[in-house]
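Trainee: Pasting in a structure now, in structure tokens, and then I'll have a few things to ask.
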Amino acid sequence: MTVKIGLIGLGMIGRDHLQRFSSVIKNAKVTAVCDINKNTADAVAAEYNATAFYDAEEMINSELVDAVFICSIGPVHKAQILTAFNAGKPVFCEKPLTPTAIEAKEIIEAEVRTGKRLLQLGFMRRFDPGYNALKATIDSGKLGEILLMHCAHRNASVPESYTLEMAVNDSATHEIDIIRYLLDENIVSVRVDKPAKKTRRALPHLQDPLIVIFETESGVRIDDELFVNCNYGYDIGCEVIGEDGITALTEQALTTTRTQHGNSRHITTTCMERFATAYDREVQNFVDQVSAGAEMTGPSSWDGYVVALVCDAGLASLKDGEKHAVNIPECPALYRQ
Ligand code: ISE
């Protein structure tokens with residue numbers, strides 16, 4: 001079966017996914033695209049031989065669409081997801097699920113009412129071969145008890161619109177999710193540390209780098225370096241320290257080049273480049289579940305809700321520098337399978 005996809009939001013990530021659908025994804029076709037900017041919607045629809053919509057609700061309910069692919073901005077996610085749930089259509093939603101935990105809770109309640117997991121959230125790192133290998137090593141038990149983790153999240157640069165809060169609720173969200181995935185446990189506290197020094201490349205409204213400290217239920221302590229104007233590339237690090245050994249993501253170089261000037265490795269510059277395989281795999285996973293008529297198995301609304309709770313605590317700590325507890329309610333049965 002070819003799944004008819006309706007894609008909302010034609011910004012950078014939306015177009016990246018469109019390109020992916022037209023090149024590598026099997027058994028799916030983007031039949032409808034939607035953007036509030038009419039010219040953009042019309043131009044992209046013409047390019048991809050799809051129907052243009054300017055209103056998300058209308059597109060979601062259209063017969064042209066079997067499954068909804070949300071790449072719009074966070075504040076409109078809730079309404080679009082709830083419309084898709086009401087229509088009984090599966091949804092892929094880019095992160096964040098919603099900007100706040102309160103809104104995410106409404107999504108959980110609505111999905112539980114449908115009795116079926118209808119949503120896959122765009123935490124693509126769970127589909128990255130490097131992170132998958134880290135998890136396999138941790139799960140094998142050969143590192144013994146896990147004690148610490150060191151994470152690094154470095155962007156070459158960020159636009160002027162990037163706020164201080166986004167270091168927590170837009171960038172660190174990826175580490176928050178992957179920590180839970182790797183360790184199979186929840187984060188119980190967050191503290192944001194503002195180093196005295198900052199890069200001269202950061203705009204005045206930013207504190208860059210920032211360090212976020214997390215603690216998990218079993219007491220694993222994690223430091224996460226958020227350095228979003230590191231200039232040299234898009235560089236993601238993760239080192240897991242156990243009692244009996246350590247494991248780490250290796251260099252993400254795709255090629256090495258040798259010339260008379262020496263041996264050099266390519267450094268990725270964007271998340272789209274670094275996580276290209278992960279994006280392909282997450283989207284194919286979504287399409288495969290939809291075409292099999294199965295429930296979603298990837299990152300869930302619950303994962304998005306828990307990440308939002310951790311972010312809320314992180315934002316409180318960003319303000320006062322104190323350690324904030326994260327209180328996570330009991331997970332509904334729907335998400336425990
Ligand atoms: C952006 O929104 C992403 O999701 C990227 O993966 C992340 O590296 C970047 O810091 C965020 O701003």
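The way I read the labels, and the way they are meant: chains A, B, ... in the order of the structure tokens, residue 1 as the first residue of every chain, and ligand 1 as the first ligand shown, with later ones counted on from there.
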I'd like the neighbourhood of Glu185 (chain A) as an NGL selection string, where a residue qualifies if any of its atoms comes within 8 Å (using only C-alpha atoms), though same-chain residues fewer than 5 positions away should be ignored.
Mentor: :A and (180 or 216-218)
Trainee: Please save all heavy atoms of the selected residues as a PDB file, in the first residue's frame.
Mentor:
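Resulting contents of result.pdb:
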```pdb
ATOM      1  N   ARG A 180      16.970   8.941  28.492  1.00  0.00           N
ATOM      2  CA  ARG A 180      15.919   8.005  28.921  1.00  0.00           C
ATOM      3  C   ARG A 180      15.965   6.733  28.073  1.00  0.00           C
ATOM      4  O   ARG A 180      15.795   5.623  28.563  1.00  0.00           O
ATOM      5  CB  ARG A 180      14.534   8.651  28.807  1.00  0.00           C
ATOM      6  CG  ARG A 180      14.352   9.844  29.720  1.00  0.00           C
ATOM      7  CD  ARG A 180      12.963  10.460  29.572  1.00  0.00           C
ATOM      8  NE  ARG A 180      11.898   9.541  29.907  1.00  0.00           N
ATOM      9  CZ  ARG A 180      11.008   9.067  29.038  1.00  0.00           C
ATOM     10  NH1 ARG A 180      11.069   9.406  27.760  1.00  0.00           N
ATOM     11  NH2 ARG A 180      10.071   8.229  29.426  1.00  0.00           N
ATOM     12  N   THR A 216      19.435  10.802  37.306  1.00  0.00           N
ATOM     13  CA  THR A 216      18.366   9.832  37.010  1.00  0.00           C
ATOM     14  C   THR A 216      17.922   9.145  38.302  1.00  0.00           C
ATOM     15  O   THR A 216      18.569   9.278  39.349  1.00  0.00           O
ATOM     16  CB  THR A 216      18.850   8.751  36.030  1.00  0.00           C
ATOM     17  OG1 THR A 216      19.844   7.967  36.698  1.00  0.00           O
ATOM     18  CG2 THR A 216      19.426   9.352  34.768  1.00  0.00           C
ATOM     19  N   GLU A 217      16.840   8.367  38.173  1.00  0.00           N
ATOM     20  CA  GLU A 217      16.275   7.654  39.329  1.00  0.00           C
ATOM     21  C   GLU A 217      17.327   6.843  40.074  1.00  0.00           C
ATOM     22  O   GLU A 217      17.372   6.827  41.294  1.00  0.00           O
ATOM     23  CB  GLU A 217      15.184   6.681  38.848  1.00  0.00           C
ATOM     24  CG  GLU A 217      13.901   7.358  38.429  1.00  0.00           C
ATOM     25  CD  GLU A 217      13.051   6.466  37.531  1.00  0.00           C
ATOM     26  OE1 GLU A 217      13.543   6.009  36.478  1.00  0.00           O
ATOM     27  OE2 GLU A 217      11.893   6.238  37.898  1.00  0.00           O
ATOM     28  N   SER A 218      18.204   6.147  39.327  1.00  0.00           N
ATOM     29  CA  SER A 218      19.182   5.283  40.008  1.00  0.00           C
ATOM     30  C   SER A 218      20.415   6.070  40.449  1.00  0.00           C
ATOM     31  O   SER A 218      21.322   5.507  41.046  1.00  0.00           O
ATOM     32  CB  SER A 218      19.617   4.149  39.072  1.00  0.00           C
ATOM     33  OG  SER A 218      20.526   4.657  38.101  1.00  0.00           O
TER      34      SER A 218
END
```
Trainee: Once you count only C-alpha atoms and all ligand atoms, which residues end up within 9 Å of ligand 1, and could you hand them over as an MDAnalysis selection string?
Mentor: chainID A and resid 94:96 123:125 153:155 157:158 162 166:167 169:174 226:228 234:236 270:272 275
Trainee: Out of A:Arg191, A:Pro75, A:Val112, A:Ser264, which residue has the shortest atom-to-atom distance to Thr98 (chain A) when counting only C-alpha atoms?
Mentor: A:Pro75
Trainee: Could you produce a table of the residues of region 43-147 of chain A lying within 12 Å of region 313-325 of chain A, with the nearest pair of atoms per residue and their separation in Å rounded to one decimal, using only C-alpha atoms, ordered by chain and increasing residue number, as a tab-separated table?
Mentor:
```
residue	atom	partner	partner_atom	distance
A:Pro99	CA	A:Leu315	CA	11.6
A:Thr100	CA	A:Leu315	CA	10.7
A:Ala101	CA	A:Ala313	CA	10.3
```
Trainee: Rank nothing, just name the residue among A:Val168, A:Leu97, A:Val212, A:Leu147 nearest to Pro299 (chain A), using only C-alpha atoms.
Mentor: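 Among A:Val168, A:Leu97, A:Val212, A:Leu147, it is A:Leu97 that comes nearest to Pro299 (chain A).
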Trainee: Using only C-alpha atoms, which protein or nucleic acid residues come within 10 Å of Thr199 (chain A)? Drop anything in the same chain fewer than 6 positions from it, and give the result as a list of chain:residue names.
Mentor: A:Leu206, A:Gln207, A:Asp208, A:Pro209, A:Phe227, A:Val228, A:Asn229, A:Cys230, A:Asn231
Trainee: For a quick check of understanding, using only C-alpha atoms, which of A:Arg265, A:Arg126, A:Lys38, A:Lys89 has the smallest distance to Asn285 (chain A)?
Mentor: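 Of all the options, A:Arg126 lies closest to Asn285 (chain A).
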Trainee: Would you kindly return, as a ChimeraX atom specification, each protein, DNA or RNA residue with an atom no farther than 10 Å from any atom of Leu121 (chain A), considering only C-alpha atoms and excluding same-chain residues fewer than 5 positions away?
Mentor: /A:70,91-97,282,286,296-304
Trainee: Neighbouring residues of Ile213 (chain A) were defined as those with any atom within 6 Å, considering only C-alpha atoms; residues of the same chain fewer than 3 positions away were excluded. Please report them as a VMD selection string.
Mentor: chain A and resid 190 to 191 222 to 223
Trainee: Quick check, in Å to one decimal: how far apart do CA of Thr40 (chain A) and CA of Ala104 (chain A) lie?
Mentor: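 Answer for the CA of Thr40 (chain A) to CA of Ala104 (chain A) separation: 29.1 Å.
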Trainee: Where in region 247-313 of chain A does DSSP assign strand (DSSP E), given as a list in words?
Mentor: Thr247, Ala248, Thr256, Thr257, Arg258, Thr259, Gly262, Asn263, Ser264 and Arg265 of chain A
Trainee: Kindly save the residues from that selection, with N, CA and C atoms included, as an mmCIF file, in the first residue's frame.
Mentor:
```
data_model
loop_
_atom_site.group_PDB
_atom_site.id
_atom_site.type_symbol
_atom_site.label_atom_id
_atom_site.label_comp_id
_atom_site.auth_asym_id
_atom_site.auth_seq_id
_atom_site.Cartn_x
_atom_site.Cartn_y
_atom_site.Cartn_z
ATOM 1 N N THR A 247 31.845 3.563 27.104
ATOM 2 C CA THR A 247 31.540 3.495 25.670
ATOM 3 C C THR A 247 31.205 4.904 25.210
ATOM 4 N N ALA A 248 31.536 5.207 23.945
ATOM 5 C CA ALA A 248 31.306 6.568 23.456
ATOM 6 C C ALA A 248 30.944 6.562 21.989
ATOM 7 N N THR A 256 37.609 10.451 5.130
ATOM 8 C CA THR A 256 38.888 11.031 5.538
ATOM 9 C C THR A 256 39.626 11.377 4.244
ATOM 10 N N THR A 257 40.394 12.439 4.290
ATOM 11 C CA THR A 257 41.093 12.883 3.088
ATOM 12 C C THR A 257 42.567 13.056 3.398
ATOM 13 N N ARG A 258 43.431 12.498 2.535
ATOM 14 C CA ARG A 258 44.867 12.666 2.741
ATOM 15 C C ARG A 258 45.454 13.492 1.611
ATOM 16 N N THR A 259 46.117 14.570 1.962
ATOM 17 C CA THR A 259 46.814 15.388 0.962
ATOM 18 C C THR A 259 48.201 15.684 1.518
ATOM 19 N N GLY A 262 48.299 16.763 5.097
ATOM 20 C CA GLY A 262 48.012 15.866 6.210
ATOM 21 C C GLY A 262 46.744 15.060 5.979
ATOM 22 N N ASN A 263 46.309 14.412 7.060
ATOM 23 C CA ASN A 263 45.156 13.517 7.015
ATOM 24 C C ASN A 263 43.996 14.231 7.697
ATOM 25 N N SER A 264 42.908 14.510 6.966
ATOM 26 C CA SER A 264 41.821 15.266 7.600
ATOM 27 C C SER A 264 40.502 14.521 7.510
ATOM 28 N N ARG A 265 39.650 14.788 8.477
ATOM 29 C CA ARG A 265 38.322 14.183 8.490
ATOM 30 C C ARG A 265 37.281 15.267 8.288
#
```
Trainee: Could you pull out the helix (DSSP H, G or I) residues of region 129-211 of chain A, going by DSSP on the backbone, and write them as a ChimeraX atom specification?
Mentor: /A:129-140,166-171,173-183
Trainee: Work out how far apart CA of Gly293 (chain A) and CA of Pro129 (chain A) are and give it in Å to one decimal.
Mentor: 26.1 Å
Trainee: If you count only C-alpha atoms, which residues fall within 10 Å of Val283 (chain A), apart from same-chain ones fewer than 4 positions away, as a list of chain:residue names?
Mentor: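 In the requested form, the answer reads A:His17, A:Arg20, A:Phe21, A:Val24, A:Ile25, A:Lys26, A:Ala28, A:Phe69, A:Phe92, A:Gln120, A:Gly122, A:Met124, A:Phe127, A:Ala278, A:Tyr279, A:Val287, A:Asp288.
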Trainee: Given the choices A:Val310, A:Ile8, A:Val220, A:Ile13, which gets closest to Val192 (chain A) if the distance is worked out from only C-alpha atoms?
Mentor: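 Result for the nearest residue to Val192 (chain A): A:Val310.
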Trainee: Which one of A:Ala43, A:Cys238, A:Leu210, A:Ile60 sits closest to Glu165 (chain A) if you count only C-alpha atoms?
Mentor: A:Leu210
